[in-house]
Amino acid sequence: MKTILVPTDYSDTANNALQYALELAKFSHAKLILLHAYQIPLPTGEIPVMMISPQELEKDSSIRIKKLEKELISKTSGNIKIESVVRAGFVPDEIMDTAKAKNADLIVMGVTGGSKIEEALMGSSAISVIKHTQTPVLVIPKDARFKKIQKIVLSYDYHDEMKETIMKKFKEFVQLFKAKVLVLNVVTPVEVPTYENAVAGSTIENSLKDIEHTLFFPSSDDITDEINAFADAHQCDWLVMVPHKHKLLAGLFHKSNTKRMAFHTHIPLLALHD
């Protein structure tokens with residue numbers, strides 16, 4: 001891992017994700033790129049209001065991100081390469097475009113928990129990026145702190161093929177930390193094993209033959225709760241998922257399982273894409 005992109009809006013959640021990314025960059029000797037993406041406010045209604053000009057907004061944003069960059073360089077005694085970027089536009093798009101332009105290996109973002117209505121309605125940049133980017137995204141819950149990554153749980157639905165490109169990315173992170181892998185396939189109580197399931201299991205086994213790993217097949221009607229309970233019971237440090245519409249979970253508002261976990265897990269969630 002050579003480059004980590006960290007979008008920030010200077011909130012407590014973003015600051016916590018930044019601290020996590022900073023420690024991760026130290027561990028992996030990666031370059032850290034700070035990004036502040038903002039949307040130019042548009043006047044609404046008939047009442048005239050005083051608005052800051054785009055030029056002033058860009059200047060203020062540049063000054064603030066440069067100040068943060070200098071603070072981090074000083075804090076790390078210059079041992080980590082750090083640069084900053086300011087972009088105006090739709091925030092998720094600017095994050096994804098910057099990740100592509102800078103050839104980022106990982107995007108680190110913060111996210112907070114919320115009610116089910118908030119999950120359905122809030123335009124979360126983190127969730128939007130997870131859904132559309134091809135860059136791995138590490139979502140940091142508001143209370144998560146960086147520590148040595150010893151156990152990584154891979155939540156994988158055996159109904160879907162694990163593509164080689166995804167497995168390659170996954171193994172790069174595992175080997176970086178020399179972590180143990182716990183492969184978790186939550187099945188419904190009435191589910192009947194199929195030939196395809198067996199093939200998927202064999203493929204996973206073969207792919208992880210050079211990595212310490214264990215397979216688990218708990219049964220539950222609530223996949224999200226089961227994954228959280230499993231991660232707690234096994235003291236896992238990261239949760240890894242592949243974003244897609246989970247066939248076993250329609251869920252409230254038809255949310256994807258990855259979206260639910262991004263809000264409800266209290267350990268970092270790594271979303272991998274093919």
# chains A, B, ... in the order shown; residues from 1 in each chain; ligands from 1
$ select_by_dssp --residues "region 105-250 of chain A" --states "helix (DSSP H, G or I)" --output "ChimeraX atom specification"
/A:116-121,125-132,164-177,195-207,223-233
$ write_last_selection --atoms "C-alpha atoms" --output "PDB file, in the first residue's frame"
ATOM      1  CA  LYS A 116     -32.981   3.440  10.333  1.00  0.00           C
ATOM      2  CA  ILE A 117     -34.729   6.505   8.904  1.00  0.00           C
ATOM      3  CA  GLU A 118     -31.445   8.421   8.889  1.00  0.00           C
ATOM      4  CA  GLU A 119     -29.756   5.522   7.148  1.00  0.00           C
ATOM      5  CA  ALA A 120     -32.409   5.537   4.454  1.00  0.00           C
ATOM      6  CA  LEU A 121     -32.480   9.282   3.878  1.00  0.00           C
ATOM      7  CA  SER A 125     -20.645  10.463   1.223  1.00  0.00           C
ATOM      8  CA  ALA A 126     -19.059   7.326   2.626  1.00  0.00           C
ATOM      9  CA  ILE A 127     -21.907   5.107   1.467  1.00  0.00           C
ATOM     10  CA  SER A 128     -22.070   6.758  -1.943  1.00  0.00           C
ATOM     11  CA  VAL A 129     -18.336   6.266  -2.430  1.00  0.00           C
ATOM     12  CA  ILE A 130     -18.548   2.625  -1.317  1.00  0.00           C
ATOM     13  CA  LYS A 131     -21.282   1.975  -3.878  1.00  0.00           C
ATOM     14  CA  HIS A 132     -19.540   3.523  -6.861  1.00  0.00           C
ATOM     15  CA  GLU A 164      -9.753 -13.302  -8.270  1.00  0.00           C
ATOM     16  CA  THR A 165      -9.289  -9.527  -8.396  1.00  0.00           C
ATOM     17  CA  ILE A 166     -11.143  -9.125  -5.094  1.00  0.00           C
ATOM     18  CA  MET A 167      -9.242 -11.950  -3.434  1.00  0.00           C
ATOM     19  CA  LYS A 168      -5.939 -10.461  -4.586  1.00  0.00           C
ATOM     20  CA  LYS A 169      -6.770  -7.114  -2.996  1.00  0.00           C
ATOM     21  CA  PHE A 170      -7.931  -8.836   0.167  1.00  0.00           C
ATOM     22  CA  LYS A 171      -4.765 -10.893   0.504  1.00  0.00           C
ATOM     23  CA  GLU A 172      -2.593  -7.794   0.074  1.00  0.00           C
ATOM     24  CA  PHE A 173      -4.163  -6.292   3.191  1.00  0.00           C
ATOM     25  CA  VAL A 174      -3.959  -9.574   5.106  1.00  0.00           C
ATOM     26  CA  GLN A 175      -0.282 -10.016   4.253  1.00  0.00           C
ATOM     27  CA  LEU A 176       0.472  -6.412   5.173  1.00  0.00           C
ATOM     28  CA  PHE A 177      -0.595  -7.119   8.746  1.00  0.00           C
ATOM     29  CA  TYR A 195     -23.195 -27.730  -5.123  1.00  0.00           C
ATOM     30  CA  GLU A 196     -22.435 -24.067  -5.893  1.00  0.00           C
ATOM     31  CA  ASN A 197     -21.890 -23.412  -2.196  1.00  0.00           C
ATOM     32  CA  ALA A 198     -19.420 -26.274  -2.020  1.00  0.00           C
ATOM     33  CA  VAL A 199     -17.540 -24.988  -5.061  1.00  0.00           C
ATOM     34  CA  ALA A 200     -17.382 -21.497  -3.577  1.00  0.00           C
ATOM     35  CA  GLY A 201     -16.046 -22.905  -0.320  1.00  0.00           C
ATOM     36  CA  SER A 202     -13.367 -24.890  -2.131  1.00  0.00           C
ATOM     37  CA  THR A 203     -12.358 -21.804  -4.100  1.00  0.00           C
ATOM     38  CA  ILE A 204     -11.967 -19.788  -0.907  1.00  0.00           C
ATOM     39  CA  GLU A 205      -9.966 -22.586   0.716  1.00  0.00           C
ATOM     40  CA  ASN A 206      -7.618 -22.788  -2.246  1.00  0.00           C
ATOM     41  CA  SER A 207      -7.181 -19.013  -2.441  1.00  0.00           C
ATOM     42  CA  ILE A 223     -27.079 -11.171   9.102  1.00  0.00           C
ATOM     43  CA  THR A 224     -26.020  -7.783  10.474  1.00  0.00           C
ATOM     44  CA  ASP A 225     -26.506  -8.766  14.116  1.00  0.00           C
ATOM     45  CA  GLU A 226     -24.796 -12.099  13.541  1.00  0.00           C
ATOM     46  CA  ILE A 227     -21.738 -10.474  11.959  1.00  0.00           C
ATOM     47  CA  ASN A 228     -21.430  -7.980  14.810  1.00  0.00           C
ATOM     48  CA  ALA A 229     -21.826 -10.714  17.430  1.00  0.00           C
ATOM     49  CA  PHE A 230     -19.242 -12.856  15.642  1.00  0.00           C
ATOM     50  CA  ALA A 231     -16.740  -9.991  15.416  1.00  0.00           C
ATOM     51  CA  ASP A 232     -17.174  -9.318  19.130  1.00  0.00           C
ATOM     52  CA  ALA A 233     -16.881 -12.958  20.175  1.00  0.00           C
TER      53      ALA A 233
END
$ select_by_dssp --residues "region 85-222 of chain A" --states "strand (DSSP E)" --output "PyMOL selection string"
chain A and resi 85-88+106-111+137-141+151-155+180-184+213-216
$ atom_distance --atom1 "CA of Tyr38 (chain A)" --atom2 "CA of Lys70 (chain A)"
20.6 Å
$ residues_around --residues "Lys59 (chain A)" --least-positions-apart "5" --cutoff "12 Å" --atoms "only C-alpha atoms" --output "PyMOL selection string"
chain A and resi 52-54+64-66+86-88
$ write_last_selection --atoms "C-alpha atoms" --output "PDB file, in the first residue's frame"
ATOM      1  CA  ILE A  52     -19.379  33.935  -0.040  1.00  0.00           C
ATOM      2  CA  SER A  53     -17.953  33.983  -3.556  1.00  0.00           C
ATOM      3  CA  PRO A  54     -16.524  30.786  -5.083  1.00  0.00           C
ATOM      4  CA  ARG A  64      -7.518  25.518   6.152  1.00  0.00           C
ATOM      5  CA  ILE A  65      -6.334  22.282   4.508  1.00  0.00           C
ATOM      6  CA  LYS A  66      -2.758  23.608   4.240  1.00  0.00           C
ATOM      7  CA  VAL A  86      -9.024  21.035  -2.394  1.00  0.00           C
ATOM      8  CA  ARG A  87     -11.776  20.387  -4.933  1.00  0.00           C
ATOM      9  CA  ALA A  88     -15.161  21.960  -5.560  1.00  0.00           C
TER      10      ALA A  88
END
$ atom_distance --atom1 "CA of Ala104 (chain A)" --atom2 "CA of Pro92 (chain A)"
15.0 Å
$ atom_distance --atom1 "CA of Val85 (chain A)" --atom2 "CA of Pro7 (chain A)"
9.3 Å
$ residues_around --residues "Leu239 (chain A)" --least-positions-apart "5" --cutoff "6 Å" --atoms "only C-alpha atoms" --output "PyMOL selection string"
chain A and resi 152-153+269
$ write_last_selection --atoms "N, CA, C and O atoms" --output "mmCIF file, in the first residue's frame"
data_model
loop_
_atom_site.group_PDB
_atom_site.id
_atom_site.type_symbol
_atom_site.label_atom_id
_atom_site.label_comp_id
_atom_site.auth_asym_id
_atom_site.auth_seq_id
_atom_site.Cartn_x
_atom_site.Cartn_y
_atom_site.Cartn_z
ATOM 1 N N ILE A 152 -8.855 -10.575 10.956
ATOM 2 C CA ILE A 152 -9.729 -9.944 9.961
ATOM 3 C C ILE A 152 -10.838 -10.920 9.604
ATOM 4 O O ILE A 152 -10.570 -12.065 9.217
ATOM 5 N N VAL A 153 -12.087 -10.485 9.753
ATOM 6 C CA VAL A 153 -13.205 -11.348 9.390
ATOM 7 C C VAL A 153 -13.690 -10.958 7.993
ATOM 8 O O VAL A 153 -13.970 -9.791 7.715
ATOM 9 N N LEU A 269 -14.656 -1.132 8.774
ATOM 10 C CA LEU A 269 -15.207 -1.941 7.696
ATOM 11 C C LEU A 269 -14.450 -1.638 6.407
ATOM 12 O O LEU A 269 -14.409 -0.487 5.954
#
$ closest_residue --among "A:Lys180, A:Lys2, A:His36, A:Lys163" --to "Gly89 (chain A)" --atoms "only C-alpha atoms"
A:His36
$ closest_residue --among "A:Met162, A:Leu5, A:Leu32, A:Leu24" --to "Met96 (chain A)" --atoms "only C-alpha atoms"
A:Leu5
